[in-house]
file input.txt (compact mmCIF, C-alpha atoms (C1' of nucleotides))
# COMPACT_ATOMS: atom_id res chain seq x y z
CA MET A 12 0.00 0.00 0.00
CA LEU A 13 0.99 3.61 -0.43
CA THR A 14 2.29 5.09 2.78
CA LYS A 15 1.04 8.50 3.80
CA GLY A 16 4.35 10.22 3.28
CA GLU A 17 4.83 8.72 -0.15
CA GLN A 18 1.39 9.88 -1.20
CA THR A 19 2.09 13.42 -0.03
CA ARG A 20 5.40 13.30 -1.84
CA GLN A 21 3.68 12.36 -5.09
CA GLU A 22 1.23 15.21 -4.69
CA ILE A 23 4.07 17.63 -4.11
CA VAL A 24 5.88 16.54 -7.25
CA GLU A 25 2.70 16.76 -9.30
CA ARG A 26 1.91 20.21 -8.00
CA ALA A 27 5.50 21.31 -8.45
CA LEU A 28 5.35 20.14 -12.04
CA ALA A 29 2.37 22.36 -12.71
CA LEU A 30 4.03 25.29 -10.99
CA ALA A 31 7.31 24.74 -12.82
CA GLY A 32 5.40 24.95 -16.09
CA GLU A 33 4.75 28.58 -15.27
CA VAL A 34 7.95 29.69 -13.60
CA GLY A 35 10.53 27.13 -14.65
CA LEU A 36 12.43 24.64 -12.55
CA GLU A 37 14.80 27.24 -11.18
CA GLY A 38 11.94 29.56 -10.39
CA LEU A 39 10.28 26.97 -8.20
CA SER A 40 9.88 28.28 -4.69
CA LEU A 41 9.49 25.91 -1.78
CA GLY A 42 7.52 28.51 0.12
CA VAL A 43 5.05 29.17 -2.64
CA LEU A 44 4.75 25.48 -3.31
CA ALA A 45 4.07 24.70 0.34
CA ALA A 46 1.50 27.48 0.62
CA GLY A 47 -0.30 26.21 -2.46
CA MET A 48 -0.82 22.90 -0.76
CA SER A 49 -1.62 22.90 2.95
CA LEU A 50 1.88 22.30 4.12
CA SER A 51 4.56 24.16 5.97
CA LYS A 52 7.68 24.97 4.03
CA SER A 53 9.83 22.82 6.27
CA GLY A 54 7.35 19.98 6.18
CA LEU A 55 7.56 20.01 2.43
CA PHE A 56 11.31 20.40 2.40
CA ALA A 57 11.71 17.33 4.61
CA HIS A 58 10.57 15.13 1.73
CA PHE A 59 13.54 16.15 -0.40
CA ARG A 60 16.86 16.96 1.13
CA SER A 61 17.52 19.72 -1.36
CA LYS A 62 15.78 21.83 -3.94
CA GLU A 63 17.78 20.16 -6.64
CA ALA A 64 16.47 16.75 -5.64
CA LEU A 65 12.96 18.10 -6.02
CA GLN A 66 13.83 19.55 -9.43
CA LEU A 67 15.17 16.21 -10.59
CA GLU A 68 12.05 14.40 -9.48
CA VAL A 69 9.84 16.97 -11.18
CA LEU A 70 11.75 16.64 -14.44
CA GLN A 71 11.60 12.85 -14.25
CA ARG A 72 7.87 13.10 -13.69
CA ALA A 73 7.52 15.26 -16.78
CA ILE A 74 9.48 12.70 -18.76
CA ASP A 75 7.19 9.95 -17.51
CA HIS A 76 4.14 11.96 -18.57
CA PHE A 77 5.62 12.57 -22.00
CA ILE A 78 6.26 8.88 -22.49
CA GLU A 79 2.77 8.04 -21.28
CA ASP A 80 0.93 10.70 -23.31
CA VAL A 81 2.97 10.81 -26.50
CA ILE A 82 5.32 7.90 -27.05
CA ALA A 83 3.35 4.98 -25.64
CA PRO A 84 0.08 5.73 -27.51
CA ALA A 85 2.03 6.22 -30.74
CA LEU A 86 3.70 2.86 -30.33
CA ARG A 87 0.29 1.25 -30.17
CA GLU A 88 -0.44 2.54 -33.68
CA THR A 89 0.33 0.44 -36.76
CA ARG A 90 4.04 0.36 -37.46
CA GLY A 91 5.28 2.57 -40.30
CA ALA A 92 3.77 5.74 -41.70
CA PRO A 93 0.59 5.57 -39.56
CA ARG A 94 2.65 5.39 -36.37
CA LEU A 95 4.81 8.28 -37.53
CA ARG A 96 1.74 10.40 -38.26
CA ARG A 97 0.28 9.55 -34.89
CA LEU A 98 3.52 10.48 -33.18
CA PHE A 99 3.42 13.88 -34.84
CA ASP A 100 -0.21 14.47 -33.87
CA LEU A 101 0.39 13.51 -30.27
CA HIS A 102 3.47 15.68 -30.26
CA LEU A 103 1.42 18.70 -31.34
CA ASP A 104 -1.22 17.88 -28.74
CA TRP A 105 1.41 17.74 -26.04
CA ILE A 106 2.83 21.12 -27.01
CA HIS A 107 -0.43 22.92 -27.37
CA GLY A 108 -2.73 21.19 -24.92
CA ASN A 109 -0.33 20.80 -22.07
CA GLY A 110 -2.10 22.71 -19.34
CA ARG A 111 -3.12 25.68 -21.49
CA ARG A 112 -0.73 28.02 -19.73
CA GLY A 113 2.97 27.42 -19.88
CA SER A 114 4.34 25.72 -22.87
CA CYS A 115 6.10 22.49 -23.54
CA PHE A 116 8.14 21.89 -20.45
CA PHE A 117 11.20 20.59 -22.23
CA MET A 118 11.58 23.49 -24.61
CA ALA A 119 11.39 25.94 -21.74
CA LEU A 120 14.02 23.95 -19.85
CA THR A 121 16.21 23.88 -22.93
CA HIS A 122 16.77 27.59 -22.60
CA GLU A 123 16.83 27.56 -18.83
CA TYR A 124 19.64 25.03 -18.68
CA ASP A 125 21.60 25.38 -21.90
CA ASP A 126 24.24 27.31 -19.99
CA ARG A 127 23.64 25.99 -16.48
CA PRO A 128 25.59 22.79 -15.88
CA GLY A 129 24.53 20.26 -13.31
CA PRO A 130 22.49 17.10 -12.77
CA VAL A 131 19.25 18.71 -13.93
CA ARG A 132 20.77 19.68 -17.22
CA ASP A 133 22.29 16.23 -17.61
CA LEU A 134 18.93 14.57 -17.16
CA LEU A 135 17.34 17.03 -19.56
CA VAL A 136 19.97 16.43 -22.23
CA GLN A 137 19.55 12.69 -21.95
CA SER A 138 15.79 12.91 -22.22
CA GLN A 139 15.97 15.10 -25.29
CA ARG A 140 18.48 12.85 -27.01
CA ASP A 141 16.18 9.94 -26.26
CA TRP A 142 13.36 11.88 -27.86
CA TYR A 143 15.28 12.53 -31.09
CA ASP A 144 16.25 8.85 -31.11
CA THR A 145 12.68 7.72 -30.60
CA VAL A 146 11.50 9.78 -33.54
CA ALA A 147 14.35 8.44 -35.69
CA ARG A 148 13.47 4.88 -34.71
CA VAL A 149 9.85 5.32 -35.73
CA VAL A 150 11.02 6.82 -39.02
CA ARG A 151 13.35 3.88 -39.58
CA ALA A 152 10.46 1.50 -39.09
CA ALA A 153 8.53 3.40 -41.76
CA VAL A 154 11.49 2.95 -44.08
CA GLU A 155 11.56 -0.78 -43.38
CA GLU A 156 7.86 -0.97 -44.13
CA GLY A 157 8.54 0.59 -47.51
CA HIS A 158 6.52 3.69 -46.68
CA LEU A 159 9.56 5.93 -46.92
CA ARG A 160 12.67 6.01 -49.11
CA ALA A 161 15.27 3.37 -48.38
CA ASP A 162 18.13 5.89 -48.49
CA LEU A 163 16.38 8.36 -46.19
CA ASP A 164 18.51 10.04 -43.53
CA THR A 165 16.35 9.17 -40.56
CA ASP A 166 18.22 11.39 -38.10
CA GLN A 167 17.76 14.31 -40.46
CA PHE A 168 14.05 13.54 -40.56
CA ALA A 169 13.90 13.51 -36.76
CA TYR A 170 15.78 16.81 -36.64
CA GLU A 171 13.28 18.55 -38.88
CA PHE A 172 10.36 16.85 -37.13
CA VAL A 173 11.45 18.38 -33.84
CA GLY A 174 12.00 21.77 -35.45
CA ILE A 175 8.44 21.90 -36.71
CA GLY A 176 7.20 21.30 -33.18
CA MET A 177 9.32 24.15 -31.89
CA VAL A 178 8.19 26.78 -34.32
CA PHE A 179 4.63 25.57 -33.81
CA GLN A 180 4.91 26.28 -30.14
CA GLN A 181 6.22 29.80 -30.52
CA SER A 182 3.77 30.59 -33.24
CA ALA A 183 0.78 29.22 -31.36
CA LYS A 184 1.57 30.17 -27.78
CA LEU A 185 3.54 33.38 -27.92
CA LEU A 186 2.43 34.89 -31.22
CA GLU A 187 -1.09 33.46 -31.02
CA ASN A 188 -1.07 32.79 -34.74
CA PRO A 189 -4.35 31.02 -35.60
CA ARG A 190 -2.68 29.33 -38.56
CA ALA A 191 0.12 27.87 -36.46
CA GLU A 192 -1.30 24.36 -36.42
CA SER A 193 -2.21 24.18 -40.10
CA ARG A 194 1.26 25.45 -40.96
CA ALA A 195 2.85 22.81 -38.75
CA ARG A 196 0.81 20.09 -40.49
CA ALA A 197 1.70 21.47 -43.90
CA ALA A 198 5.37 21.43 -42.99
CA PHE A 199 5.09 17.84 -41.82
CA GLU A 200 3.30 16.77 -44.98
CA ALA A 201 6.02 18.37 -47.08
CA LEU A 202 8.64 16.54 -45.05
CA LEU A 203 6.79 13.27 -45.59
CA ALA A 204 6.33 13.95 -49.30
CA ARG A 205 10.01 14.38 -50.02
CA SER A 206 10.82 11.30 -47.92
CA ARG A 207 8.63 8.90 -49.87
CA PRO A 208 10.04 6.45 -52.40
CA MET B 11 27.75 65.26 -27.41
CA LEU B 12 27.03 62.33 -25.16
CA THR B 13 26.38 63.36 -21.60
CA LYS B 14 28.08 61.38 -18.85
CA GLY B 15 24.88 59.94 -17.49
CA GLU B 16 23.71 58.86 -20.90
CA GLN B 17 26.98 57.10 -21.53
CA THR B 18 26.77 55.25 -18.22
CA ARG B 19 23.21 54.33 -19.05
CA GLN B 20 24.29 52.81 -22.34
CA GLU B 21 27.00 50.81 -20.62
CA ILE B 22 24.49 49.53 -18.09
CA VAL B 23 22.11 48.38 -20.82
CA GLU B 24 24.92 46.69 -22.71
CA ARG B 25 26.18 44.90 -19.63
CA ALA B 26 22.62 43.97 -18.64
CA LEU B 27 22.10 42.49 -22.08
CA ALA B 28 25.08 40.20 -21.61
CA LEU B 29 23.92 39.23 -18.16
CA ALA B 30 20.36 38.60 -19.32
CA GLY B 31 21.72 36.22 -21.92
CA GLU B 32 22.73 33.97 -19.07
CA VAL B 33 19.93 34.40 -16.57
CA GLY B 34 17.04 35.79 -18.59
CA LEU B 35 15.36 39.17 -18.33
CA GLU B 36 13.42 38.23 -15.24
CA GLY B 37 16.51 36.81 -13.60
CA LEU B 38 18.35 40.12 -13.97
CA SER B 39 19.49 41.38 -10.60
CA LEU B 40 20.19 45.06 -10.06
CA GLY B 41 22.62 44.23 -7.28
CA VAL B 42 24.67 41.82 -9.34
CA LEU B 43 24.55 44.18 -12.27
CA ALA B 44 25.76 47.13 -10.20
CA ALA B 45 28.54 45.08 -8.61
CA GLY B 46 29.71 43.94 -12.06
CA MET B 47 30.25 47.55 -13.01
CA SER B 48 31.61 49.95 -10.39
CA LEU B 49 28.30 51.35 -9.30
CA SER B 50 26.11 51.28 -6.27
CA LYS B 51 22.81 49.51 -6.63
CA SER B 52 20.87 52.70 -6.04
CA GLY B 53 23.07 54.68 -8.39
CA LEU B 54 22.28 52.23 -11.11
CA PHE B 55 18.64 52.09 -10.21
CA ALA B 56 18.34 55.86 -10.53
CA HIS B 57 18.85 55.58 -14.29
CA PHE B 58 15.64 53.60 -14.70
CA ARG B 59 12.71 54.15 -12.44
CA SER B 60 11.86 50.49 -12.38
CA LYS B 61 13.28 47.12 -13.25
CA GLU B 62 10.73 46.73 -16.00
CA ALA B 63 11.97 49.89 -17.70
CA LEU B 64 15.45 48.41 -17.70
CA GLN B 65 14.14 45.14 -19.11
CA LEU B 66 12.41 46.97 -21.92
CA GLU B 67 15.53 48.88 -22.84
CA VAL B 68 17.60 45.72 -22.76
CA LEU B 69 15.17 43.94 -25.06
CA GLN B 70 15.11 46.90 -27.42
CA ARG B 71 18.88 46.86 -27.49
CA ALA B 72 18.85 43.17 -28.40
CA ILE B 73 16.43 43.93 -31.22
CA ASP B 74 18.72 46.68 -32.48
CA HIS B 75 21.66 44.31 -32.44
CA PHE B 76 19.70 41.68 -34.33
CA ILE B 77 18.76 44.18 -37.00
CA GLU B 78 22.33 45.40 -37.22
CA ASP B 79 23.98 41.96 -37.28
CA VAL B 80 21.46 39.90 -39.22
CA ILE B 81 18.87 41.86 -41.16
CA ALA B 82 20.87 44.86 -42.35
CA PRO B 83 23.83 42.88 -43.77
CA ALA B 84 21.41 40.50 -45.50
CA LEU B 85 19.62 43.41 -47.15
CA ARG B 86 22.93 44.51 -48.63
CA GLU B 87 23.14 41.19 -50.49
CA THR B 88 21.74 40.80 -54.00
CA ARG B 89 17.97 40.62 -53.98
CA GLY B 90 16.41 37.17 -54.41
CA ALA B 91 17.89 33.77 -53.60
CA PRO B 92 21.36 35.12 -52.67
CA ARG B 93 19.84 37.46 -50.11
CA LEU B 94 17.71 34.66 -48.71
CA ARG B 95 20.72 32.39 -48.34
CA ARG B 96 22.67 35.15 -46.67
CA LEU B 97 19.82 35.78 -44.27
CA PHE B 98 19.85 32.13 -43.28
CA ASP B 99 23.60 32.09 -42.78
CA LEU B 100 23.55 35.21 -40.65
CA HIS B 101 20.65 33.77 -38.71
CA LEU B 102 22.68 30.66 -37.86
CA ASP B 103 25.64 32.82 -36.92
CA TRP B 104 23.48 34.86 -34.58
CA ILE B 105 22.13 31.78 -32.85
CA HIS B 106 25.41 30.00 -32.47
CA GLY B 107 27.95 32.75 -32.21
CA ASN B 108 26.06 35.06 -29.93
CA GLY B 109 28.42 35.26 -27.00
CA ARG B 110 29.17 31.53 -26.79
CA ARG B 111 27.31 31.14 -23.53
CA GLY B 112 23.62 31.75 -23.46
CA SER B 113 21.66 31.12 -26.56
CA CYS B 114 19.59 33.22 -28.89
CA PHE B 115 18.07 35.80 -26.67
CA PHE B 116 14.69 35.82 -28.32
CA MET B 117 14.09 32.10 -28.09
CA ALA B 118 14.92 32.13 -24.43
CA LEU B 119 12.53 35.01 -23.89
CA THR B 120 9.85 33.19 -25.85
CA HIS B 121 9.58 30.65 -23.08
CA GLU B 122 10.17 33.13 -20.32
CA TYR B 123 7.27 35.32 -21.39
CA ASP B 124 4.81 33.07 -23.20
CA ASP B 125 2.67 33.04 -20.07
CA ARG B 126 3.75 36.30 -18.46
CA PRO B 127 1.71 39.19 -19.82
CA GLY B 128 3.00 42.73 -19.74
CA PRO B 129 4.89 45.33 -21.74
CA VAL B 130 8.00 43.17 -22.08
CA ARG B 131 6.02 40.36 -23.61
CA ASP B 132 4.25 42.82 -25.92
CA LEU B 133 7.52 44.16 -27.23
CA LEU B 134 8.85 40.64 -27.66
CA VAL B 135 5.77 39.51 -29.58
CA GLN B 136 6.00 42.47 -31.90
CA SER B 137 9.67 41.90 -32.58
CA GLN B 138 9.14 38.23 -33.37
CA ARG B 139 6.22 38.96 -35.71
CA ASP B 140 8.43 41.50 -37.45
CA TRP B 141 11.08 38.82 -37.82
CA TYR B 142 8.70 36.34 -39.49
CA ASP B 143 7.52 39.15 -41.74
CA THR B 144 11.04 40.13 -42.68
CA VAL B 145 11.85 36.57 -43.69
CA ALA B 146 8.62 36.35 -45.69
CA ARG B 147 9.42 39.61 -47.43
CA VAL B 148 12.84 38.38 -48.50
CA VAL B 149 11.24 35.17 -49.75
CA ARG B 150 8.66 37.17 -51.69
CA ALA B 151 11.45 39.11 -53.39
CA ALA B 152 13.03 35.80 -54.42
CA VAL B 153 9.70 34.81 -55.94
CA GLU B 154 9.52 38.07 -57.87
CA GLU B 155 13.04 37.51 -59.15
CA GLY B 156 11.90 34.15 -60.49
CA HIS B 157 14.23 32.23 -58.17
CA LEU B 158 11.34 30.57 -56.39
CA ARG B 159 7.92 29.25 -57.45
CA ALA B 160 5.32 31.89 -58.21
CA ASP B 161 2.64 30.11 -56.20
CA LEU B 162 4.88 29.64 -53.15
CA ASP B 163 3.32 30.24 -49.73
CA THR B 164 5.88 32.73 -48.48
CA ASP B 165 4.58 32.78 -44.91
CA GLN B 166 4.83 29.00 -44.80
CA PHE B 167 8.42 29.29 -45.98
CA ALA B 168 9.19 31.80 -43.24
CA TYR B 169 7.56 29.51 -40.66
CA GLU B 170 9.76 26.57 -41.58
CA PHE B 171 12.81 28.82 -41.89
CA VAL B 172 12.37 29.89 -38.28
CA GLY B 173 11.77 26.32 -37.15
CA ILE B 174 15.08 25.17 -38.57
CA GLY B 175 16.83 27.86 -36.57
CA MET B 176 15.13 26.70 -33.40
CA VAL B 177 16.02 23.05 -33.65
CA PHE B 178 19.53 24.08 -34.66
CA GLN B 179 19.88 25.96 -31.44
CA GLN B 180 18.75 23.15 -29.18
CA SER B 181 20.78 20.61 -31.09
CA ALA B 182 23.95 22.70 -31.09
CA LYS B 183 23.84 24.37 -27.72
CA LEU B 184 22.06 21.98 -25.38
CA LEU B 185 22.71 18.63 -27.00
CA GLU B 186 26.11 19.62 -28.37
CA ASN B 187 25.44 17.68 -31.54
CA PRO B 188 28.41 18.24 -33.89
CA ARG B 189 26.17 17.68 -36.90
CA ALA B 190 23.68 20.34 -35.83
CA GLU B 191 24.87 22.91 -38.35
CA SER B 192 25.14 20.58 -41.33
CA ARG B 193 21.64 19.28 -40.54
CA ALA B 194 20.29 22.81 -40.40
CA ARG B 195 21.82 23.59 -43.78
CA ALA B 196 20.50 20.37 -45.25
CA ALA B 197 17.02 21.22 -44.00
CA PHE B 198 17.28 24.68 -45.55
CA GLU B 199 18.48 23.29 -48.87
CA ALA B 200 15.54 20.88 -48.93
CA LEU B 201 13.19 23.76 -48.19
CA LEU B 202 14.73 25.75 -51.04
CA ALA B 203 14.61 22.77 -53.41
CA ARG B 204 10.90 22.23 -53.06
CA SER B 205 10.26 25.97 -53.39
CA ARG B 206 11.94 26.33 -56.75
CA PRO B 207 9.99 26.64 -60.02
C1' DG C 10 -2.26 -0.07 24.45
C1' DC C 11 2.26 1.09 23.69
C1' DC C 12 6.17 2.47 21.40
C1' DA C 13 9.12 3.73 17.59
C1' DC C 14 9.31 6.35 13.86
C1' DA C 15 7.70 8.91 9.95
C1' DA C 16 5.43 13.18 9.07
C1' DC C 17 4.91 17.70 9.96
C1' DC C 18 5.09 22.31 12.28
C1' DG C 19 6.85 27.04 13.45
C1' DA C 20 10.42 29.86 14.47
C1' DC C 21 14.52 31.32 12.70
C1' DC C 22 19.09 31.92 10.01
C1' DG C 23 21.95 34.63 6.71
C1' DG C 24 21.32 36.43 2.39
C1' DT C 25 19.33 38.80 -1.74
C1' DC C 26 15.72 41.02 -3.92
C1' DG C 27 13.48 45.69 -5.83
C1' DT C 28 12.64 50.11 -4.37
C1' DG C 29 12.34 54.36 -1.91
C1' DC C 30 14.76 58.59 0.60
C1' DT C 31 18.30 61.75 1.54
C1' DA C 32 23.08 63.37 1.09
C1' DT C 33 27.04 64.19 -1.44
C1' DT C 34 29.81 64.45 -5.32
C1' DT C 35 30.48 65.40 -10.29
C1' DT C 36 29.39 67.55 -14.40
C1' DC C 37 27.88 71.24 -17.22
C1' DC C 38 26.56 75.91 -18.51
C1' DT C 39 27.06 80.73 -17.96
C1' DA D 6 34.62 80.78 -11.03
C1' DG D 7 30.24 79.77 -9.36
C1' DG D 8 25.85 77.91 -9.06
C1' DA D 9 22.24 74.96 -10.99
C1' DA D 10 21.47 70.41 -12.40
C1' DA D 11 22.66 65.81 -13.03
C1' DA D 12 24.72 61.69 -11.27
C1' DT D 13 25.86 58.70 -7.73
C1' DA D 14 26.42 57.00 -2.91
C1' DG D 15 24.61 55.53 1.50
C1' DC D 16 21.20 53.57 3.96
C1' DA D 17 16.95 51.41 5.31
C1' DC D 18 12.60 49.03 4.31
C1' DG D 19 9.77 44.96 3.77
C1' DA D 20 9.40 40.82 1.31
C1' DC D 21 11.10 36.55 0.00
C1' DC D 22 14.70 33.07 -0.74
C1' DG D 23 16.67 28.03 0.44
C1' DG D 24 17.73 25.74 4.35
C1' DT D 25 18.24 24.29 9.67
C1' DC D 26 16.58 22.75 13.99
C1' DG D 27 14.08 21.23 17.98
C1' DG D 28 9.87 19.86 19.08
C1' DT D 29 5.00 18.03 18.36
C1' DT D 30 1.67 15.12 16.24
C1' DG D 31 -0.15 11.16 13.97
C1' DT D 32 0.26 6.39 12.31
C1' DG D 33 1.38 1.31 12.05
C1' DG D 34 3.22 -2.91 13.95
C1' DC D 35 3.41 -5.61 17.84
call {"tool": "encode", "arguments": {"input": "input.txt", "output": "C-alpha cells"}}
result
Amino acid sequence: MLTKGEQTRQEIVERALALAGEVGLEGLSLGVLAAGMSLSKSGLFAHFRSKEALQLEVLQRAIDHFIEDVIAPALRETRGAPRLRRLFDLHLDWIHGNGRRGSCFFMALTHEYDDRPGPVRDLLVQSQRDWYDTVARVVRAAVEEGHLRADLDTDQFAYEFVGIGMVFQQSAKLLENPRAESRARAAFEALLARSRP
Amino acid sequence: MLTKGEQTRQEIVERALALAGEVGLEGLSLGVLAAGMSLSKSGLFAHFRSKEALQLEVLQRAIDHFIEDVIAPALRETRGAPRLRRLFDLHLDWIHGNGRRGSCFFMALTHEYDDRPGPVRDLLVQSQRDWYDTVARVVRAAVEEGHLRADLDTDQFAYEFVGIGMVFQQSAKLLENPRAESRARAAFEALLARSRP
DNA sequence: GCCACAACCGACCGGTCGTGCTATTTTCCT
DNA sequence: AGGAAAATAGCACGACCGGTCGGTTGTGGC
C-alpha cells in the first residue's frame, strides 16, 4: 500500500510540475509550493533533502508523462507511416494542450539550462536525445515498411520533425497565430512527401 | 555630445544584455549588475525608475543588435535567392555565435514570457512577428526575381525557416550535436529545393 | 495499548531582492 | 569661477529566498 508520506510526496511533485510549467524549474519556490498545498515549508522540504532533488524528481515526472501521453500511444499505432503520423499528432497535442498556460516543459528547460551545468541539465539532455532517437526509430520502421525512401537520412528527418514542433509552439503560444497548427501540419506533410520512395 | 549619465546608461544596458543572456530578463538582478560595473545599486537604479523599464531597454537593445547583425547585412546582399541564403547564414551565426554562452536571446525570452503578460512580452511579440515578416518579405522578393515558385506560400516558408533555426539551437547548444549545423543547412536546402519553379 | 518512527510544524538563520529617501559628489553651462 | 542640475552613494525598508533545527503530532506494527 501507499504510505502517507509517499502519497504526499507524489502530490508535491505533481503540484510542483504544474508550478514549474509557469515559472521554470529554477523559479520553483518551496515557500510558494508549500503554501499552495496545505503544508509548511519545512514539512515540504523534509521530503527532499535539497531543492535540486525536487527539481530532478519533477523533471523525471515530466518525462514519464511525456512517455505516457505521446510515445506509448504512438507505439500502439500500426508500425510505419501511420505510427509516424500519430507520433506527430500527439506531439502537437502535447505542445499545445499541455495545461493551457505554460508551454512544452522541455523546450522551456532547454533555454533555462543550456548554460547551467549540473544534474538537472544532464537529465534534460539525456531525455531530449532519447526523444530525437525515438522519432528516428519510428522513421526507420517506416522505411523498413517501404513507406519511406530506403536511403532516407532518418536522423535528419527527426531533426526537422522536432523543429516543426518548436516553431509551432512559438507561433501558437507566444504569437497566437491562428494558422500555427495548419502550418505545422503542412510542414510535416512536405517533409513526408520528399521522404517517400 | 554624449552626456556622462547617458553614456553610463548605455553601458548599463549593454552589460545587462550580456547578463540577461545567461539568466534571462526576469533573472536580472540590479545588485549583481551594479557590482559587475563599479556602481552602487541605487546609483544604477536611478537611471531607470523600475526594473521593468530596464528590461524593456535591454530587449530593445537586443532587437537593435539583431537588425544590425542579421537583417541589415542580408539586405545589402543581391535581392532574391542570394539574399535569402545570406539571411539564413547570418541567422545561424546569430544563434550559435552570440556570445558563446547563453543562446539566442529571443528564443529564451519566448519561453520566459509566453505566459507572463506585460509590456516586455508585448515588445517581444512584436519583434518576433516583425522577424517572421522580414523573412517572408525576403522570400517574396526571391519569388519576384523568379528564383522561387510563383505560387509559393511565403509565410509557410518563413515559418519553416524559423523552425530550422530553433532546432539548430537546441541541437547545437544543449545537445552539443556536432552535426547540428550541417543538418540545419540540409534542411534549408531541402526547403529551397521544393520551393523552386 | 504502547512504542518507535515517519510526518509535519513554526520559528529562525543569513542572504538577496526591488525600491524608496536623503546626502554628497560630479558635471555642465554661464 | 560659481551655481544649478545631473549623477551617484549611503542607507533602510519589507518581502522573499533556500535551508536548519528542535519539538509536536499522527500512524502502524506488535
call {"tool": "residues_around", "arguments": {"input": "input.txt", "residues": "Leu36 (chain A)", "least_positions_apart": "3", "cutoff": "7 Å", "atoms": "all atoms listed in the file", "output": "PDB file with C-alpha atoms, in the frame of the given file"}}
result
ATOM      1  CA  ALA A  31       7.310  24.740 -12.820  1.00  0.00           C
ATOM      2  CA  LEU A  39      10.280  26.970  -8.200  1.00  0.00           C
ATOM      3  CA  GLN A  66      13.830  19.550  -9.430  1.00  0.00           C
TER       4      GLN A  66
END
call {"tool": "interface_residues", "arguments": {"input": "input.txt", "of": "chain C", "to": "chain B", "cutoff": "12 Å", "atoms": "only C-alpha atoms (C1' of nucleotides)", "output": "PyMOL selection string"}}
result
chain C and resi 25-30+35-37
call {"tool": "write_last_selection", "arguments": {"input": "input.txt", "atoms": "C-alpha atoms (C1' of nucleotides)", "output": "short mmCIF file (atom, residue, chain, number, x, y, z; two decimals), in the frame of the given file"}}
result
data_model
loop_
_atom_site.label_atom_id
_atom_site.label_comp_id
_atom_site.auth_asym_id
_atom_site.auth_seq_id
_atom_site.Cartn_x
_atom_site.Cartn_y
_atom_site.Cartn_z
"C1'" DT C 25 19.33 38.80 -1.74
"C1'" DC C 26 15.72 41.02 -3.92
"C1'" DG C 27 13.48 45.69 -5.83
"C1'" DT C 28 12.64 50.11 -4.37
"C1'" DG C 29 12.34 54.36 -1.91
"C1'" DC C 30 14.76 58.59 0.60
"C1'" DT C 35 30.48 65.40 -10.29
"C1'" DT C 36 29.39 67.55 -14.40
"C1'" DC C 37 27.88 71.24 -17.22
#
call {"tool": "closest_residue", "arguments": {"input": "input.txt", "among": "A:Phe77, A:Phe99, A:Tyr124, A:Trp142", "to": "chain B", "atoms": "only C-alpha atoms"}}
result
A:Tyr124
call {"tool": "interface_residues", "arguments": {"input": "input.txt", "of": "chain D", "to": "chain A", "cutoff": "10 Å", "atoms": "only C-alpha atoms (C1' of nucleotides)", "output": "list in words"}}
result
DC21, DC22, DG23, DG24, DT25 and DT32 of chain D
call {"tool": "atom_distance", "arguments": {"input": "input.txt", "atom1": "C1' of DG31 (chain D)", "atom2": "C1' of DA15 (chain C)"}}
result
9.1 Å
call {"tool": "atom_distance", "arguments": {"input": "input.txt", "atom1": "CA of Asp100 (chain A)", "atom2": "CA of Ala200 (chain B)"}}
result
22.7 Å
call {"tool": "interface_residues", "arguments": {"input": "input.txt", "of": "chain A", "to": "chain B", "cutoff": "8 Å", "atoms": "all atoms listed in the file", "output": "PyMOL selection string"}}
result
chain A and resi 33-34+112-114+118-119+121-126+136+139-140+167+170-171+173-179+181+184-186+194+198
call {"tool": "closest_residue", "arguments": {"input": "input.txt", "among": "D:DC26, D:DA6, D:DG15, D:DC35", "to": "Ser50 (chain B)", "atoms": "only C-alpha atoms (C1' of nucleotides)"}}
result
D:DG15
call {"tool": "closest_residue", "arguments": {"input": "input.txt", "among": "A:Leu134, A:Ala92, A:Leu103, A:Ala73", "to": "Leu203 (chain A)", "atoms": "all atoms listed in the file"}}
result
A:Ala92
call {"tool": "atom_distance", "arguments": {"input": "input.txt", "atom1": "CA of Leu44 (chain A)", "atom2": "CA of Ala64 (chain A)"}}
result
14.8 Å
call {"tool": "residues_near_point", "arguments": {"input": "input.txt", "point": "(13.0, 13.0, -8.7)", "cutoff": "12 Å", "atoms": "all atoms listed in the file", "output": "PDB file with C-alpha atoms, in the coordinates of the input"}}
result
ATOM      1  CA  ARG A  20       5.400  13.300  -1.840  1.00  0.00           C
ATOM      2  CA  GLN A  21       3.680  12.360  -5.090  1.00  0.00           C
ATOM      3  CA  ILE A  23       4.070  17.630  -4.110  1.00  0.00           C
ATOM      4  CA  VAL A  24       5.880  16.540  -7.250  1.00  0.00           C
ATOM      5  CA  GLU A  25       2.700  16.760  -9.300  1.00  0.00           C
ATOM      6  CA  ALA A  27       5.500  21.310  -8.450  1.00  0.00           C
ATOM      7  CA  LEU A  28       5.350  20.140 -12.040  1.00  0.00           C
ATOM      8  CA  HIS A  58      10.570  15.130   1.730  1.00  0.00           C
ATOM      9  CA  PHE A  59      13.540  16.150  -0.400  1.00  0.00           C
ATOM     10  CA  ARG A  60      16.860  16.960   1.130  1.00  0.00           C
ATOM     11  CA  SER A  61      17.520  19.720  -1.360  1.00  0.00           C
ATOM     12  CA  LYS A  62      15.780  21.830  -3.940  1.00  0.00           C
ATOM     13  CA  GLU A  63      17.780  20.160  -6.640  1.00  0.00           C
ATOM     14  CA  ALA A  64      16.470  16.750  -5.640  1.00  0.00           C
ATOM     15  CA  LEU A  65      12.960  18.100  -6.020  1.00  0.00           C
ATOM     16  CA  GLN A  66      13.830  19.550  -9.430  1.00  0.00           C
ATOM     17  CA  LEU A  67      15.170  16.210 -10.590  1.00  0.00           C
ATOM     18  CA  GLU A  68      12.050  14.400  -9.480  1.00  0.00           C
ATOM     19  CA  VAL A  69       9.840  16.970 -11.180  1.00  0.00           C
ATOM     20  CA  LEU A  70      11.750  16.640 -14.440  1.00  0.00           C
ATOM     21  CA  GLN A  71      11.600  12.850 -14.250  1.00  0.00           C
ATOM     22  CA  ARG A  72       7.870  13.100 -13.690  1.00  0.00           C
ATOM     23  CA  ALA A  73       7.520  15.260 -16.780  1.00  0.00           C
ATOM     24  CA  ILE A  74       9.480  12.700 -18.760  1.00  0.00           C
ATOM     25  CA  ASP A  75       7.190   9.950 -17.510  1.00  0.00           C
ATOM     26  CA  PRO A 130      22.490  17.100 -12.770  1.00  0.00           C
ATOM     27  CA  VAL A 131      19.250  18.710 -13.930  1.00  0.00           C
ATOM     28  CA  LEU A 134      18.930  14.570 -17.160  1.00  0.00           C
TER      29      LEU A 134
END
